[in-house]
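Source file: my_file29.cif (mmCIF, C-alpha atoms)
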data_work
#
loop_
_atom_site.label_atom_id
_atom_site.label_comp_id
_atom_site.auth_asym_id
_atom_site.auth_seq_id
_atom_site.Cartn_x
_atom_site.Cartn_y
_atom_site.Cartn_z
CA MET J 718 98.27 104.30 96.07
CA ILE J 719 99.78 107.69 96.86
CA ILE J 720 96.84 108.48 99.12
CA ARG J 721 97.65 105.35 101.14
CA GLN J 722 101.23 106.46 101.58
CA ILE J 723 100.09 109.89 102.75
CA ALA J 724 97.61 108.27 105.16
CA PHE J 725 100.34 105.96 106.43
CA PHE J 726 102.69 108.83 107.18
CA VAL J 727 99.92 110.87 108.84
CA PHE J 728 98.97 108.00 111.17
CA ALA J 729 102.59 106.98 111.75
CA GLY J 730 103.53 110.56 112.61
CA LEU J 731 100.60 110.87 115.01
CA THR J 732 101.55 107.59 116.67
CA ALA J 733 105.24 108.47 117.00
CA VAL J 734 104.69 112.00 118.31
CA ALA J 735 101.99 110.90 120.74
CA SER J 736 104.19 108.04 122.01
CA VAL J 737 107.06 110.41 122.77
CA PHE J 738 104.65 112.87 124.39
CA THR J 739 103.22 110.10 126.58
CA VAL J 740 106.58 109.18 128.07
CA VAL J 741 108.10 112.67 128.46
CA THR J 742 105.22 114.82 129.71
CA ARG J 743 105.19 115.59 133.42
CA ASN J 744 101.40 115.84 133.68
CA VAL J 745 99.64 112.54 134.32
CA VAL J 746 96.38 113.48 132.55
CA HIS J 747 98.30 114.77 129.53
CA ALA J 748 100.12 111.44 129.40
CA ALA J 749 96.78 109.60 129.29
CA LEU J 750 95.59 111.83 126.44
CA GLY J 751 98.88 111.28 124.61
CA LEU J 752 98.38 107.54 125.00
CA ALA J 753 94.89 107.91 123.52
CA GLY J 754 96.41 109.75 120.54
CA ALA J 755 99.03 107.03 120.01
CA LEU J 756 96.39 104.30 120.19
CA ILE J 757 94.10 106.12 117.74
CA GLY J 758 97.03 106.48 115.34
CA ALA J 759 97.76 102.76 115.66
CA ALA J 760 94.07 101.98 115.04
CA GLY J 761 94.23 104.08 111.86
CA LEU J 762 97.25 102.07 110.75
CA PHE J 763 95.39 98.82 111.42
CA ILE J 764 92.44 99.91 109.28
CA LEU J 765 94.86 101.07 106.57
CA PHE J 766 96.47 97.61 106.62
CA GLY J 767 93.15 95.88 106.00
CA ALA J 768 92.59 94.83 109.61
CA GLU J 769 89.37 96.75 110.03
CA PHE J 770 87.95 94.63 112.85
CA VAL J 771 91.16 94.86 114.87
CA GLY J 772 91.26 98.62 114.28
CA LEU J 773 87.71 99.12 115.48
CA ALA J 774 88.27 96.79 118.45
CA GLN J 775 91.37 98.83 119.25
CA ILE J 776 89.36 102.07 119.30
CA LEU J 777 86.53 100.51 121.34
CA ILE J 778 88.67 98.67 123.89
CA TYR J 779 91.79 100.79 124.21
CA VAL J 780 90.55 104.32 123.63
CA GLY J 781 87.06 103.67 124.95
CA ALA J 782 87.80 101.49 127.97
CA VAL J 783 91.49 101.37 128.85
CA VAL J 784 92.21 105.11 128.63
CA VAL J 785 89.03 105.85 130.62
CA LEU J 786 90.23 103.29 133.19
CA PHE J 787 93.58 105.10 133.33
CA LEU J 788 91.80 108.42 133.87
CA PHE J 789 89.76 106.88 136.70
CA GLY J 790 92.97 105.46 138.17
CA ILE J 791 94.61 108.90 138.03
CA MET J 792 91.53 110.52 139.58
CA LEU J 793 91.32 108.02 142.45
CA THR J 794 95.02 108.16 143.31
CA GLN J 795 95.48 111.93 143.49
CA THR J 796 98.25 112.92 145.85
CA PRO J 797 98.32 116.39 147.42
CA GLY J 798 100.77 118.72 145.73
CA LYS J 799 102.57 118.11 142.48
CA PRO J 800 103.36 114.41 142.04
CA THR J 801 106.87 113.43 141.03
CA VAL J 802 106.36 111.31 137.95
CA ASP J 803 109.97 110.58 136.98
CA ASN J 804 112.86 109.02 138.82
CA ASP J 805 116.40 110.34 138.55
CA ARG J 806 117.69 107.76 136.08
CA GLN J 807 116.29 109.34 132.92
CA ALA J 808 119.63 109.51 131.07
CA LEU J 809 120.29 105.84 131.71
CA ALA J 810 116.72 104.95 130.65
CA ALA J 811 117.10 106.98 127.44
CA LEU J 812 120.36 105.17 126.71
CA VAL J 813 118.71 101.77 127.18
CA ALA J 814 115.73 102.78 125.01
CA LEU J 815 118.10 104.02 122.30
CA GLY J 816 119.97 100.72 122.47
CA VAL J 817 116.70 98.78 122.13
CA PHE J 818 115.70 100.86 119.11
CA VAL J 819 119.08 100.52 117.40
CA VAL J 820 119.15 96.75 117.86
CA LEU J 821 115.57 96.33 116.63
CA ALA J 822 116.08 98.68 113.67
CA ALA J 823 119.28 96.91 112.64
CA GLY J 824 117.48 93.58 112.76
CA ILE J 825 114.51 94.89 110.78
CA LEU J 826 116.67 96.51 108.10
CA THR J 827 118.84 93.41 107.75
CA ALA J 828 115.88 91.06 107.44
CA PHE J 829 113.29 93.17 105.58
CA GLY J 830 115.26 96.13 104.25
CA SER J 831 114.48 95.41 100.60
CA ARG J 832 111.02 93.86 100.85
CA LYS J 833 107.98 95.75 99.64
CA VAL J 834 104.39 95.28 100.66
CA ASP J 835 101.32 96.63 98.90
CA PHE J 836 98.82 96.65 101.76
CA ASP J 837 96.12 95.53 99.35
CA VAL J 838 94.80 92.43 101.16
CA ALA J 839 91.72 93.03 103.29
CA PHE J 840 90.75 90.81 106.18
CA PRO J 841 86.95 91.06 106.39
CA THR J 842 85.28 90.66 109.76
CA LYS J 843 83.40 87.61 108.51
CA GLU J 844 86.62 85.75 107.78
CA ILE J 845 88.12 86.73 111.15
CA GLY J 846 84.97 85.60 112.96
CA THR J 847 84.91 82.25 111.18
CA GLU J 848 88.56 81.67 112.01
CA ILE J 849 88.13 82.59 115.68
CA PHE J 850 85.09 80.35 116.18
CA THR J 851 86.55 77.33 114.38
CA THR J 852 90.34 77.09 114.53
CA TRP J 853 90.84 79.34 117.54
CA ILE J 854 87.86 78.32 119.66
CA LEU J 855 89.94 76.90 122.53
CA PRO J 856 92.14 80.01 122.94
CA PHE J 857 88.98 82.10 122.67
CA GLU J 858 87.36 80.25 125.57
CA ALA J 859 90.61 80.51 127.55
CA VAL J 860 90.54 84.29 127.04
CA SER J 861 86.92 84.32 128.27
CA ILE J 862 87.98 82.59 131.49
CA LEU J 863 90.95 84.95 131.81
CA LEU J 864 88.70 88.01 131.50
CA LEU J 865 86.29 86.59 134.09
CA ALA J 866 89.19 85.90 136.46
CA ALA J 867 90.56 89.40 135.89
CA LEU J 868 87.12 90.91 136.59
CA VAL J 869 86.76 89.02 139.86
CA GLY J 870 90.37 89.70 140.81
CA ALA J 871 90.09 93.44 140.17
CA ILE J 872 86.93 93.64 142.29
CA VAL J 873 88.53 91.68 145.13
CA LEU J 874 91.67 93.84 145.03
CA ALA J 875 89.99 97.23 144.74
CA ARG J 876 87.13 96.58 147.17
CA ARG J 877 87.02 98.62 150.36
CA ASP J 878 86.51 96.33 153.34
CA MET X 451 105.83 100.81 100.38
CA PRO X 452 108.81 99.19 102.12
CA VAL X 453 107.64 96.82 104.80
CA ALA X 454 110.36 98.19 107.07
CA ALA X 455 108.43 101.48 107.56
CA PRO X 456 105.69 100.16 109.88
CA LEU X 457 108.18 97.81 111.54
CA LEU X 458 110.51 100.72 112.31
CA LEU X 459 107.56 102.69 113.67
CA ALA X 460 106.74 99.76 115.94
CA ALA X 461 110.38 99.54 117.07
CA PHE X 462 110.36 103.27 117.87
CA MET X 463 107.12 102.92 119.82
CA PHE X 464 108.57 99.97 121.74
CA ALA X 465 111.68 102.01 122.58
CA CYS X 466 109.43 104.83 123.87
CA GLY X 467 107.65 102.30 126.06
CA THR X 468 110.98 100.97 127.35
CA TYR X 469 112.07 104.48 128.27
CA GLY X 470 108.75 105.06 130.06
CA VAL X 471 108.95 101.82 132.04
CA LEU X 472 112.49 102.63 133.16
CA ALA X 473 112.12 106.37 133.83
CA ARG X 474 108.63 106.70 135.31
CA ARG X 475 107.92 106.25 138.99
CA HIS X 476 104.17 106.95 138.88
CA GLY X 477 102.37 103.57 138.84
CA VAL X 478 99.66 104.55 136.35
CA MET X 479 102.22 106.03 133.94
CA LEU X 480 104.21 102.80 134.16
CA LEU X 481 101.12 100.92 132.97
CA MET X 482 100.69 103.43 130.12
CA SER X 483 104.23 102.74 128.94
CA ILE X 484 103.47 99.00 128.95
CA GLU X 485 100.42 99.77 126.76
CA LEU X 486 102.71 101.50 124.25
CA MET X 487 104.96 98.42 124.09
CA VAL X 488 101.98 96.09 123.59
CA THR X 489 100.58 98.26 120.79
CA ALA X 490 103.98 98.20 119.08
CA GLY X 491 103.75 94.42 119.12
CA ASN X 492 100.27 94.61 117.63
CA ILE X 493 101.50 96.82 114.77
CA ASN X 494 104.08 94.14 114.00
CA LEU X 495 101.41 91.42 114.02
CA ILE X 496 99.15 93.33 111.63
CA THR X 497 102.04 94.19 109.30
CA PHE X 498 103.17 90.58 109.05
CA SER X 499 99.57 89.51 108.56
CA GLN X 500 99.51 91.78 105.52
CA LEU X 501 102.96 90.70 104.32
CA LEU X 502 102.17 86.97 104.52
CA HIS X 503 98.55 87.33 103.30
CA ASP X 504 97.38 85.37 106.33
CA SER X 505 94.70 86.36 108.82
CA ILE X 506 96.51 84.76 111.78
CA GLY X 507 98.16 88.05 112.72
CA ASN X 508 94.75 89.72 112.98
CA ILE X 509 93.49 86.99 115.29
CA LEU X 510 96.57 87.08 117.51
CA ALA X 511 96.25 90.88 117.72
CA LEU X 512 92.67 90.46 118.94
CA PHE X 513 93.82 88.05 121.65
CA VAL X 514 96.58 90.47 122.65
CA ILE X 515 94.03 93.30 122.96
CA ALA X 516 91.78 91.15 125.19
CA ILE X 517 94.67 90.02 127.42
CA THR X 518 95.96 93.58 127.74
CA ALA X 519 92.51 94.76 128.84
CA ALA X 520 92.64 92.16 131.64
CA GLU X 521 96.19 93.21 132.54
CA VAL X 522 95.25 96.89 132.80
CA GLY X 523 92.24 96.10 135.00
CA ILE X 524 94.39 94.16 137.46
CA GLY X 525 97.21 96.72 137.21
CA ILE X 526 94.96 99.65 138.08
CA ALA X 527 93.46 97.65 140.96
CA ILE X 528 96.97 96.94 142.30
CA VAL X 529 97.96 100.62 141.97
CA MET X 530 94.82 101.61 143.90
CA MET X 531 95.64 99.06 146.61
CA ILE X 532 99.15 100.51 146.90
CA TYR X 533 97.71 104.01 147.10
CA ARG X 534 95.28 103.00 149.82
CA GLN X 535 97.97 101.30 151.89
CA ARG X 536 100.74 103.87 151.50
CA SER X 537 99.09 107.07 150.17
CA THR X 538 101.51 107.18 147.26
CA VAL X 539 101.75 105.63 143.81
CA ALA X 540 105.54 105.93 143.50
CA VAL X 541 106.68 102.46 142.51
CA ASP X 542 110.30 103.26 143.41
CA ASP X 543 109.33 103.39 147.09
CA LEU X 544 108.02 99.84 147.08
CA GLN X 545 110.96 97.91 148.46
CA LEU X 546 109.19 95.83 151.08
CA MET X 547 110.01 92.59 149.27
CA LYS X 548 113.52 93.60 148.24
CA TRP X 549 116.09 91.27 149.90
#
Whole structure, structure tokens version:
Amino acid sequence: MIIRQIAFFVFAGLTAVASVFTVVTRNVVHAALGLAGALIGAAGLFILFGAEFVGLAQILIYVGAVVVLFLFGIMLTQTPGKPTVDNDRQALAALVALGVFVVLAAGILTAFGSRKVDFDVAFPTKEIGTEIFTTWILPFEAVSILLLAALVGAIVLARRD
Amino acid sequence: MPVAAPLLLAAFMFACGTYGVLARRHGVMLLMSIELMVTAGNINLITFSQLLHDSIGNILALFVIAITAAEVGIGIAIVMMIYRQRSTVAVDDLQLMKW
């Protein structure tokens, strides 16, 4: 049990630090690597919470595909000289973000402040697969169409003609 | 473990994403901040899945991951279009459709 708590705080710390690093660093490539760190930390949390399939899908899709896509995007949109990555409204943005966090935290602590959870239920891949291909088959097919449309749309947009 | 711990982490991550969306002017970094916000939502889904002993949160998180992958593909394509048209990725300069 104690090992789970330690693992939780390790992954949560990685996620939190990498999230902050992603939004404050002034180097675009460093931001992409920070995002990869945050997503790996979140994937560790998912596996810790019994959602092993979601955690592995997170690593495969986000860290494997999305971050690589971001790196390609950064590479293909290089501007000469040092790019300005921030606008001049950082103080206002920080204030808004702080407000969002305070409101969310107050809501969470009011609603779930005293509830405990053991994180002892596992969701095996077999069960998830059965659920997706029976109860959730229509949304699953809709997502297939969406991905196809996104593929075609991205090619049409990014094509040189 | 108190269930508020992962929820507070998700709230913090969402706030980071909010700050990024508001303060960044580089198009790709804007998309990265949106990724942070989406992942915060996924952490919530997984936590509630565990709290309610129901696999629905896992399934919704999978759908969210798939939809976000589509969103990032289109987003990067749009950023590349903007770069090709205007040789910049600063989203603050895009005011063609403003008023």
Listing only residues of segment 745-791 of chain J within 10 Å of segment 795-812 of chain J, what is the closest atom pair and its distance in Å (to one decimal) for each, using all atoms listed in the file, sorted by chain and residue number ascending, as a Markdown table?
| residue | atom | partner | partner_atom | distance |
| --- | --- | --- | --- | --- |
| J:Val745 | CA | J:Val802 | CA | 7.7 |
| J:Gly790 | CA | J:Gln795 | CA | 8.7 |
| J:Ile791 | CA | J:Gln795 | CA | 6.3 |
Open item on the list: At a cut-off of 12 Å around the point (97.8, 104.5, 147.1) (file coordinates), what residues fall inside when counting only C-alpha atoms? I'd like the answer as an MDAnalysis selection string.
Closed with: (chainID J and resid 790:797 875) or (chainID X and resid 476:478 526:541 543:544)
TODO: Tell me, as a ChimeraX atom specification, which residues lie within 9 Å of segment 506-516 of chain X, counting all atoms listed in the file; anything in the same chain fewer than 3 positions away does not count.
DONE: /J:768,770-771,774-775,778-779,840,845-846,848-849,853,856-857,860-861,864 /X:488-489,491-500,519-521
Restricted to C-alpha atoms, what would the selected residues look like written as a compact mmCIF listing (two decimals), in the coordinates of the input?
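Here's the written file result_6.txt:
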# COMPACT_ATOMS: atom_id res chain seq x y z
CA ALA J 768 92.59 94.83 109.61
CA PHE J 770 87.95 94.63 112.85
CA VAL J 771 91.16 94.86 114.87
CA ALA J 774 88.27 96.79 118.45
CA GLN J 775 91.37 98.83 119.25
CA ILE J 778 88.67 98.67 123.89
CA TYR J 779 91.79 100.79 124.21
CA PHE J 840 90.75 90.81 106.18
CA ILE J 845 88.12 86.73 111.15
CA GLY J 846 84.97 85.60 112.96
CA GLU J 848 88.56 81.67 112.01
CA ILE J 849 88.13 82.59 115.68
CA TRP J 853 90.84 79.34 117.54
CA PRO J 856 92.14 80.01 122.94
CA PHE J 857 88.98 82.10 122.67
CA VAL J 860 90.54 84.29 127.04
CA SER J 861 86.92 84.32 128.27
CA LEU J 864 88.70 88.01 131.50
CA VAL X 488 101.98 96.09 123.59
CA THR X 489 100.58 98.26 120.79
CA GLY X 491 103.75 94.42 119.12
CA ASN X 492 100.27 94.61 117.63
CA ILE X 493 101.50 96.82 114.77
CA ASN X 494 104.08 94.14 114.00
CA LEU X 495 101.41 91.42 114.02
CA ILE X 496 99.15 93.33 111.63
CA THR X 497 102.04 94.19 109.30
CA PHE X 498 103.17 90.58 109.05
CA SER X 499 99.57 89.51 108.56
CA GLN X 500 99.51 91.78 105.52
CA ALA X 519 92.51 94.76 128.84
CA ALA X 520 92.64 92.16 131.64
CA GLU X 521 96.19 93.21 132.54
- [ ] Point out the residue among X:Met547, X:Ile484, X:Ala490, X:Ala473 with the least atom-to-atom distance to chain J, counting all atoms listed in the file.
- [x]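 Residue with the minimum atom-to-atom distance to chain J: X:Ala473.
Minimum atom-to-atom distance to chain J, evaluated using all atoms listed in the file, belongs to X:Ile524 out of X:Met487, X:Val471, X:Leu546, X:Ile524.
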Task: Distance of atom CA of Ala455 of chain X from atom CA of Gly830 of chain J, expressed in Å to one decimal place - done: 9.3 Å
